[in-house]
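Containing compact mmCIF, C-alpha atoms: target_33.txt.
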```
# COMPACT_ATOMS: atom_id res chain seq x y z
CA MET A 886 -17.07 -5.96 -11.82
CA GLN A 887 -16.60 -3.20 -9.24
CA PHE A 888 -13.37 -3.18 -7.30
CA PRO A 889 -13.48 -1.92 -3.71
CA PHE A 890 -10.38 0.18 -4.48
CA ASN A 891 -8.87 2.28 -7.28
CA GLN A 892 -7.40 -0.38 -9.56
CA LEU A 893 -6.33 1.59 -12.59
CA ASN A 894 -5.79 0.78 -16.24
CA LEU A 895 -2.49 2.61 -16.64
CA CYS A 896 -0.54 2.81 -19.87
CA PRO A 897 3.07 1.56 -19.81
CA SER A 898 4.07 5.08 -20.87
CA SER A 899 2.30 6.81 -17.97
CA THR A 900 4.42 9.49 -16.33
CA TRP A 901 4.20 11.52 -13.15
CA TYR A 902 5.64 14.90 -12.22
CA LEU A 903 8.86 14.20 -10.35
CA ASP A 904 8.32 16.99 -7.83
CA GLY A 905 5.70 16.01 -5.30
CA VAL A 906 3.42 18.37 -3.39
CA THR A 907 3.03 17.93 0.35
CA PHE A 908 -0.61 17.04 0.96
CA ALA A 909 -0.37 16.84 4.76
CA TYR A 910 2.32 17.56 7.36
CA SER A 911 2.89 16.00 10.77
CA SER A 912 0.81 18.74 12.41
CA LEU A 913 -2.25 17.05 10.84
CA VAL A 914 -1.26 13.38 10.57
CA GLY A 915 1.37 12.81 13.25
CA THR A 916 4.67 10.99 12.83
CA ASP A 917 5.88 7.49 11.90
CA LEU A 918 3.37 7.46 9.04
CA ASN A 919 2.21 4.28 7.37
CA GLY A 920 -1.51 4.19 6.56
CA VAL A 921 -2.73 6.28 3.62
CA TYR A 922 -5.72 5.26 1.48
CA VAL A 923 -7.72 6.92 -1.31
CA ASP A 924 -11.18 5.51 -2.03
CA ARG A 925 -13.16 5.42 -5.28
CA ASN A 926 -14.63 8.86 -4.50
CA ASN A 927 -11.11 10.28 -4.11
CA THR A 928 -11.57 10.73 -0.39
CA VAL A 929 -8.18 10.57 1.33
CA TYR A 930 -7.80 8.74 4.66
CA VAL A 931 -4.69 8.79 6.86
CA ALA A 932 -4.12 6.67 9.96
CA ASP A 933 -2.68 9.10 12.52
CA LYS A 934 -0.85 6.65 14.76
CA LEU A 935 0.51 9.31 17.09
CA ASN A 936 -2.89 10.82 17.91
CA ASN A 937 -5.01 7.62 17.80
CA ARG A 938 -7.31 8.76 15.00
CA VAL A 939 -8.16 8.72 11.29
CA VAL A 940 -7.99 12.02 9.40
CA ILE A 941 -10.22 12.40 6.30
CA TRP A 942 -10.23 14.80 3.32
CA TYR A 943 -12.99 14.84 0.70
CA GLU A 944 -11.98 15.36 -2.92
CA GLY A 945 -10.73 18.89 -3.57
CA SER A 946 -10.41 19.83 0.09
CA ALA A 947 -7.14 21.32 1.36
CA VAL A 948 -8.09 20.86 5.01
CA PRO A 949 -9.48 17.79 6.81
CA ASN A 950 -13.25 17.38 6.66
CA LYS A 951 -13.50 14.77 9.40
CA ILE A 952 -11.43 13.36 12.24
CA LEU A 953 -12.51 10.03 13.75
CA TYR A 954 -11.22 8.52 16.97
CA GLY A 955 -13.45 5.52 17.70
CA SER A 956 -11.62 3.37 20.22
CA LEU A 957 -8.34 3.44 18.32
CA SER A 958 -4.90 2.98 19.82
CA ALA A 959 -1.94 3.67 17.52
CA PRO A 960 -3.72 2.72 14.23
CA PHE A 961 -1.17 1.64 11.66
CA SER A 962 -3.12 0.90 8.47
CA LEU A 963 -6.60 1.13 6.97
CA PHE A 964 -8.76 0.10 4.02
CA VAL A 965 -12.10 1.60 2.90
CA THR A 966 -14.66 -0.30 0.82
CA SER A 967 -16.82 1.13 -1.97
CA SER A 968 -19.77 1.09 0.46
CA GLY A 969 -17.92 3.38 2.86
CA ASP A 970 -16.99 0.83 5.53
CA MET A 971 -13.57 1.55 7.00
CA TYR A 972 -11.35 -1.19 8.40
CA VAL A 973 -8.62 0.06 10.71
CA ASP A 974 -5.70 -1.61 12.48
CA ASN A 975 -6.16 -1.51 16.26
CA GLY A 976 -3.72 -4.27 17.10
CA TYR A 977 -0.66 -2.77 18.73
CA SER A 978 -2.10 -2.65 22.25
CA LEU A 979 -5.70 -3.87 21.81
CA GLY A 980 -5.17 -6.89 19.53
CA ARG A 981 -8.01 -6.01 17.17
CA LEU A 982 -8.83 -5.05 13.62
CA ASP A 983 -11.87 -2.75 13.76
CA LYS A 984 -14.66 -1.69 11.43
CA MET A 985 -15.72 1.97 11.53
CA SER A 986 -18.15 4.22 9.71
CA ILE A 987 -17.15 7.66 8.48
CA ASN A 988 -20.47 8.88 9.89
CA ALA A 989 -19.80 7.74 13.45
CA ASN A 990 -16.97 7.63 15.97
CA GLY A 991 -17.64 4.09 17.18
CA SER A 992 -15.74 0.98 16.13
CA VAL A 993 -16.49 -2.75 16.17
CA ASN A 994 -13.96 -5.59 16.42
CA VAL A 995 -14.06 -7.81 13.30
CA MET A 996 -10.80 -9.73 13.72
CA SER A 997 -8.76 -10.60 16.80
CA ILE A 998 -5.05 -10.31 15.93
CA ASP A 999 -1.72 -10.99 17.62
CA ASP A 1000 0.15 -8.02 16.22
CA GLU A 1001 -0.58 -4.76 14.42
CA CYS A 1002 -1.79 -5.10 10.84
CA TYR A 1003 0.96 -3.55 8.75
CA ALA A 1004 -1.35 -3.72 5.73
CA ILE A 1005 -5.08 -4.42 5.25
CA PHE A 1006 -6.79 -5.54 2.05
CA ILE A 1007 -10.30 -6.66 1.10
CA ASP A 1008 -10.72 -8.66 -2.10
CA ILE A 1009 -13.70 -8.90 -4.46
CA SER A 1010 -15.15 -11.82 -2.46
CA ASN A 1011 -15.35 -9.68 0.68
CA THR A 1012 -12.44 -11.44 2.35
CA LEU A 1013 -10.27 -9.39 4.71
CA TYR A 1014 -6.48 -9.83 4.75
CA CYS A 1015 -3.92 -8.61 7.29
CA THR A 1016 -0.12 -8.82 7.39
CA MET A 1017 1.09 -9.34 10.96
CA THR A 1018 4.66 -8.33 10.27
CA TYR A 1019 6.44 -9.25 13.48
CA ASN A 1020 4.67 -12.60 13.64
CA ASN A 1021 5.81 -13.27 10.06
CA ARG A 1022 2.44 -14.23 8.66
CA VAL A 1023 -0.53 -13.20 6.58
CA ALA A 1024 -4.05 -13.87 7.88
CA LYS A 1025 -7.48 -13.71 6.30
CA LYS A 1026 -11.14 -13.79 7.34
CA TRP A 1027 -14.36 -13.77 5.33
CA LEU A 1028 -16.40 -10.75 6.38
CA GLY A 1029 -19.65 -12.71 6.09
CA ASP A 1030 -18.55 -14.60 9.19
CA ASN A 1031 -19.58 -12.86 12.41
CA GLY A 1032 -16.70 -14.40 14.37
CA THR A 1033 -13.31 -12.76 14.91
CA THR A 1034 -11.02 -15.73 14.27
CA TYR A 1035 -8.56 -15.62 11.35
CA THR A 1036 -6.94 -18.24 9.14
CA ILE A 1037 -3.20 -18.16 8.45
CA ILE A 1038 -2.52 -18.34 4.71
CA ALA A 1039 1.23 -17.59 4.60
CA GLY A 1040 3.97 -17.23 7.15
CA GLY A 1041 7.25 -18.32 8.69
CA GLY A 1042 10.95 -17.78 8.07
CA GLY A 1043 12.95 -17.79 4.77
CA SER A 1044 12.15 -20.06 1.78
CA SER A 1045 9.59 -19.33 -0.92
CA THR A 1046 6.96 -21.02 1.25
CA THR A 1047 7.56 -18.72 4.22
CA LEU A 1048 8.00 -15.05 4.97
CA SER A 1049 10.17 -12.70 7.00
CA LEU A 1050 8.59 -9.43 8.12
CA PRO A 1051 5.78 -9.40 5.51
CA ALA A 1052 4.58 -5.85 4.89
CA GLY A 1053 2.36 -4.82 1.96
CA LEU A 1054 -0.12 -7.10 0.23
CA HIS A 1055 -2.50 -7.18 -2.72
CA VAL A 1056 -5.02 -9.77 -3.96
CA ASP A 1057 -5.98 -9.70 -7.64
CA ILE A 1058 -9.27 -10.74 -9.27
CA TYR A 1059 -7.98 -14.30 -9.63
CA PHE A 1060 -7.26 -14.40 -5.87
CA ASN A 1061 -3.51 -14.50 -6.33
CA LEU A 1062 -1.85 -13.07 -3.23
CA TYR A 1063 1.12 -10.71 -3.64
CA VAL A 1064 3.21 -10.07 -0.52
CA SER A 1065 6.13 -7.70 0.10
CA ASP A 1066 8.44 -10.10 1.90
CA CYS A 1067 10.24 -7.19 3.48
CA GLY A 1068 12.88 -8.99 5.56
CA ASN A 1069 13.86 -11.17 2.59
CA HIS A 1070 13.99 -8.17 0.20
CA ARG A 1071 11.62 -9.61 -2.37
CA ILE A 1072 8.03 -9.86 -3.63
CA VAL A 1073 6.37 -13.29 -3.39
CA LYS A 1074 3.24 -14.36 -5.28
CA PHE A 1075 0.98 -17.09 -3.91
CA ALA A 1076 -1.52 -18.58 -6.34
CA GLN A 1077 -5.03 -19.11 -4.99
CA GLY A 1078 -5.02 -21.76 -2.27
CA GLN A 1079 -1.28 -22.40 -2.53
CA SER A 1080 1.20 -22.25 0.36
CA GLN A 1081 4.18 -22.50 -2.01
CA GLY A 1082 5.03 -19.03 -3.23
CA THR A 1083 6.86 -17.83 -6.33
CA ILE A 1084 9.49 -15.12 -5.97
CA ILE A 1085 8.73 -12.58 -8.69
CA VAL A 1086 10.85 -9.52 -7.79
CA GLY A 1087 14.03 -8.98 -5.79
CA THR A 1088 16.30 -11.52 -4.10
CA GLY A 1089 15.86 -14.86 -5.83
CA ALA A 1090 14.23 -13.49 -9.01
CA SER A 1091 16.87 -13.05 -11.70
CA GLY A 1092 16.56 -10.12 -14.08
CA THR A 1093 14.57 -8.02 -11.62
CA PRO A 1094 15.63 -5.01 -9.51
CA SER A 1095 17.41 -5.48 -6.20
CA LEU A 1096 15.09 -4.49 -3.38
CA TYR A 1097 15.92 -3.29 0.12
CA TYR A 1098 13.04 -3.77 2.56
CA PRO A 1099 10.13 -3.34 0.11
CA ASN A 1100 6.83 -2.30 1.66
CA ALA A 1101 3.55 -1.43 -0.09
CA ILE A 1102 2.52 -3.20 -3.29
CA THR A 1103 -0.40 -2.90 -5.70
CA VAL A 1104 -1.25 -4.48 -9.03
CA ASP A 1105 -3.21 -2.73 -11.80
CA VAL A 1106 -5.70 -4.30 -14.22
CA ASN A 1107 -2.87 -5.20 -16.62
CA ASN A 1108 -1.01 -7.03 -13.82
CA TYR A 1109 1.67 -4.37 -13.71
CA ILE A 1110 3.18 -4.08 -10.23
CA PHE A 1111 3.87 -0.90 -8.27
CA LEU A 1112 5.84 -0.99 -5.02
CA THR A 1113 7.76 1.07 -2.51
CA ASP A 1114 11.41 0.02 -2.30
CA THR A 1115 11.60 1.62 1.13
CA TYR A 1116 15.26 1.51 2.14
CA ASN A 1117 16.27 2.47 -1.41
CA MET A 1118 14.01 5.56 -1.02
CA ARG A 1119 12.13 4.99 -4.25
CA LEU A 1120 8.89 3.83 -5.88
CA LEU A 1121 9.06 1.33 -8.74
CA GLY A 1122 6.61 0.25 -11.41
CA SER A 1123 6.60 -2.60 -13.93
CA GLY A 1124 5.49 -2.70 -17.54
CA PRO A 1125 6.02 -4.69 -20.75
CA TYR A 1126 9.73 -3.75 -20.74
CA GLY A 1127 10.41 -4.67 -17.14
CA TYR A 1128 10.73 -2.37 -14.13
CA ARG A 1129 11.33 1.36 -14.06
CA CYS A 1130 11.89 3.82 -11.27
CA LEU A 1131 9.12 6.40 -10.86
CA PHE A 1132 10.32 8.57 -7.95
CA GLY A 1133 13.42 8.82 -5.80
CA CYS A 1134 15.58 7.34 -8.53
CA ASP A 1135 18.80 8.87 -7.20
CA GLN A 1136 18.03 7.24 -3.83
CA VAL A 1137 18.69 10.36 -1.75
CA ALA A 1138 16.91 10.51 1.60
CA ASP A 1139 15.86 14.07 2.31
CA ALA A 1140 12.82 16.36 2.29
CA ALA A 1141 13.25 17.80 -1.23
CA ALA A 1142 10.11 17.76 -3.38
CA ASN A 1143 11.59 15.10 -5.68
CA HIS A 1144 12.92 12.87 -2.89
CA LEU A 1145 11.49 10.47 -0.35
CA ASN A 1146 12.71 9.43 3.08
CA TYR A 1147 11.83 5.79 3.85
CA PRO A 1148 8.48 5.76 1.99
CA ARG A 1149 6.06 3.15 3.27
CA THR A 1150 2.59 2.87 1.76
CA PHE A 1151 1.01 4.62 -1.21
CA SER A 1152 -2.43 4.84 -2.82
CA PHE A 1153 -3.72 5.85 -6.25
CA ASP A 1154 -6.72 8.11 -6.70
CA SER A 1155 -9.07 7.53 -9.64
CA TYR A 1156 -7.04 9.88 -11.89
CA GLY A 1157 -3.74 8.10 -11.31
CA ASN A 1158 -2.22 10.57 -8.85
CA ILE A 1159 -0.18 8.83 -6.15
CA TYR A 1160 -0.28 9.64 -2.43
CA VAL A 1161 2.78 8.40 -0.50
CA ALA A 1162 3.25 8.02 3.25
CA ASP A 1163 6.75 9.51 3.40
CA ARG A 1164 7.57 8.13 6.82
CA SER A 1165 10.77 9.84 7.93
CA ASN A 1166 9.72 13.17 6.45
CA ASN A 1167 6.48 12.89 8.48
CA ARG A 1168 4.33 13.93 5.52
CA ILE A 1169 1.91 12.68 2.89
CA GLN A 1170 3.39 13.49 -0.50
CA LYS A 1171 1.24 13.69 -3.64
CA PHE A 1172 2.74 13.00 -7.06
CA ALA A 1173 0.43 14.18 -9.84
CA ILE A 1174 0.08 12.15 -13.00
CA ALA A 1175 1.50 14.00 -16.01
CA SER A 1176 0.41 11.71 -18.83
CA ASN A 1177 -1.55 8.49 -19.25
CA SER A 1178 -1.51 8.52 -23.03
CA CYS A 1179 -0.54 5.12 -24.43
CA SER A 1180 2.37 5.20 -26.84
CA LYS A 1181 3.23 2.21 -29.01
CA SER A 1182 6.81 3.44 -29.27
CA PHE A 1183 7.27 3.76 -25.51
CA GLN A 1184 10.58 2.54 -24.14
CA VAL A 1185 12.02 2.91 -20.67
CA PRO A 1186 15.03 5.27 -20.66
CA LEU A 1187 18.21 3.20 -20.37
CA HIS A 1188 19.59 5.11 -17.37
CA VAL A 1189 16.38 4.48 -15.43
CA VAL A 1190 16.51 0.73 -16.13
CA LEU A 1191 20.19 0.45 -15.25
CA SER A 1192 19.71 2.34 -11.97
CA LEU A 1193 17.38 -0.40 -10.73
CA PHE A 1194 20.14 -2.99 -10.72
CA LEU A 1195 22.78 -0.91 -8.91
```

Rendering of file as structure tokens:
Amino acid sequence: MQFPFNQLNLCPSSTWYLDGVTFAYSSLVGTDLNGVYVDRNNTVYVADKLNNRVVIWYEGSAVPNKILYGSLSAPFSLFVTSSGDMYVDNGYSLGRLDKMSINANGSVNVMSIDDECYAIFIDISNTLYCTMTYNNRVAKKWLGDNGTTYTIIAGGGGSSTTLSLPAGLHVDIYFNLYVSDCGNHRIVKFAQGQSQGTIIVGTGASGTPSLYYPNAITVDVNNYIFLTDTYNMRLLGSGPYGYRCLFGCDQVADAAANHLNYPRTFSFDSYGNIYVADRSNNRIQKFAIASNSCSKSFQVPLHVVLSLFL
């Protein structure tokens, strides 16, 4: 089975260098960053909301190789399939989610939306998902349908069946939907076809870290969860021993190499390096993987575990 994204098989003992390297500054990608995506060829895409464009780097390049404008207006998020089709939020003023090609500057409307897509995802059945944050709902549309109408699959106000300011999302191979229920400070999992969600991390899930406006979320092949705990300025990951903090563990908001400042989305490349949209620092920060060697004796350091519950 070929995933349309980099879904890694990471060891529980995987580690990353704590000092990140700035991959792109605001002079290249604008400000108020959200959309960063790395495809299976390790091409990096950034939605430059300020300048109404998508900026693209091929693997190994230190400077952008392409800049695409299409008919974009304040693009917020994007997703690129293994065939090279790019789906870009175009909803803030135009009410659209568009499909683009990296070989052309044109764009085609594939979904009519009521709000910007905070996050975009395409599952293995070629179904497109969009979180419309300020409308408090998640929508989907099968891409084999030539229409532009969506179906609401989750949304509303505060219980486990509804959402408040949904942000990031992920759909696994079993079509379980994971949503960062940002305004409720938790992660909710919806089993395939179910409107009743299960709170799995954060407020309402005992024994898990306290979250403060979580944003992006992804799930690896072992069902380990990675997420940005945005207002706590950190990135968390789960494993067989629970959750651990990966970056920003002292929760300091500044521009130091080992800190983040309201991180939003992130994306893995095929090696396990992590690219983070470090919103208030107006930069894309890259954290290189240090080790992915599985260790049977691996245990999470106690101070890292305890810090998650403070």

| Do you know which residues are at most 12 Å from Gly945 of chain A counting all atoms listed in the file, after dropping those on the same chain fewer than 4 positions away, and could you put them as a PyMOL selection string? | chain A and resi 908+926-929+941+949-950+1154

Output for the residues just chosen: C-alpha atoms as a PDB file, in the frame of the given file:
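Everything below was put into result_7.pdb:
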```pdb
ATOM      1  CA  PHE A 908      -0.610  17.040   0.960  1.00  0.00           C
ATOM      2  CA  ASN A 926     -14.630   8.860  -4.500  1.00  0.00           C
ATOM      3  CA  ASN A 927     -11.110  10.280  -4.110  1.00  0.00           C
ATOM      4  CA  THR A 928     -11.570  10.730  -0.390  1.00  0.00           C
ATOM      5  CA  VAL A 929      -8.180  10.570   1.330  1.00  0.00           C
ATOM      6  CA  ILE A 941     -10.220  12.400   6.300  1.00  0.00           C
ATOM      7  CA  PRO A 949      -9.480  17.790   6.810  1.00  0.00           C
ATOM      8  CA  ASN A 950     -13.250  17.380   6.660  1.00  0.00           C
ATOM      9  CA  ASP A1154      -6.720   8.110  -6.700  1.00  0.00           C
TER      10      ASP A1154
END
```

| request: Would you please work out which residue, of A:Ile1169, A:Ile998, A:Ile1037, A:Val1104, is nearest to Ser1123 of chain A when using only C-alpha atoms? | output: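 Counting only C-alpha atoms, the residue closest to Ser1123 of chain A is A:Val1104.
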
| message | Just want the 12 Å neighbourhood of segment 933-939 of chain A, counted on only C-alpha atoms, with same-chain residues fewer than 3 positions away dropped. Output as a PyMOL selection string. | response | chain A and resi 909-922+929-930+942+949-965+971-978+985-987+989-992+1001+1003+1162+1164+1167-1169

Which residues are close to segment 1140-1148 of chain A, i.e. within 6 Å by all atoms listed in the file, leaving aside same-chain residues fewer than 4 positions away? Reply as a PDB file with C-alpha atoms, in the frame of the given file.
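See out_39.pdb below for the written result:
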```
ATOM      1  CA  LEU A 903       8.860  14.200 -10.350  1.00  0.00           C
ATOM      2  CA  ASP A 904       8.320  16.990  -7.830  1.00  0.00           C
ATOM      3  CA  GLY A 905       5.700  16.010  -5.300  1.00  0.00           C
ATOM      4  CA  THR A1115      11.600   1.620   1.130  1.00  0.00           C
ATOM      5  CA  TYR A1116      15.260   1.510   2.140  1.00  0.00           C
ATOM      6  CA  MET A1118      14.010   5.560  -1.020  1.00  0.00           C
ATOM      7  CA  GLY A1133      13.420   8.820  -5.800  1.00  0.00           C
ATOM      8  CA  ALA A1162       3.250   8.020   3.250  1.00  0.00           C
ATOM      9  CA  ASP A1163       6.750   9.510   3.400  1.00  0.00           C
ATOM     10  CA  ARG A1164       7.570   8.130   6.820  1.00  0.00           C
ATOM     11  CA  SER A1165      10.770   9.840   7.930  1.00  0.00           C
ATOM     12  CA  ASN A1166       9.720  13.170   6.450  1.00  0.00           C
TER      13      ASN A1166
END
```

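The shortest atom-to-atom distance to Pro1099 of chain A, with all atoms listed in the file taken into account, belongs to A:Asp1066 out of A:Asp1066, A:Thr1034, A:Gly1157, A:Gly1127.
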
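With all atoms listed in the file as the basis for measurement, A:Val1056 is the residue among A:Val1064, A:Ile1072, A:Val1056, A:Leu1048 that approaches Val1106 of chain A most closely.
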
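The coordinates place atom CA of Gly1078 of chain A at 19.1 Å from atom CA of Gly1029 of chain A.
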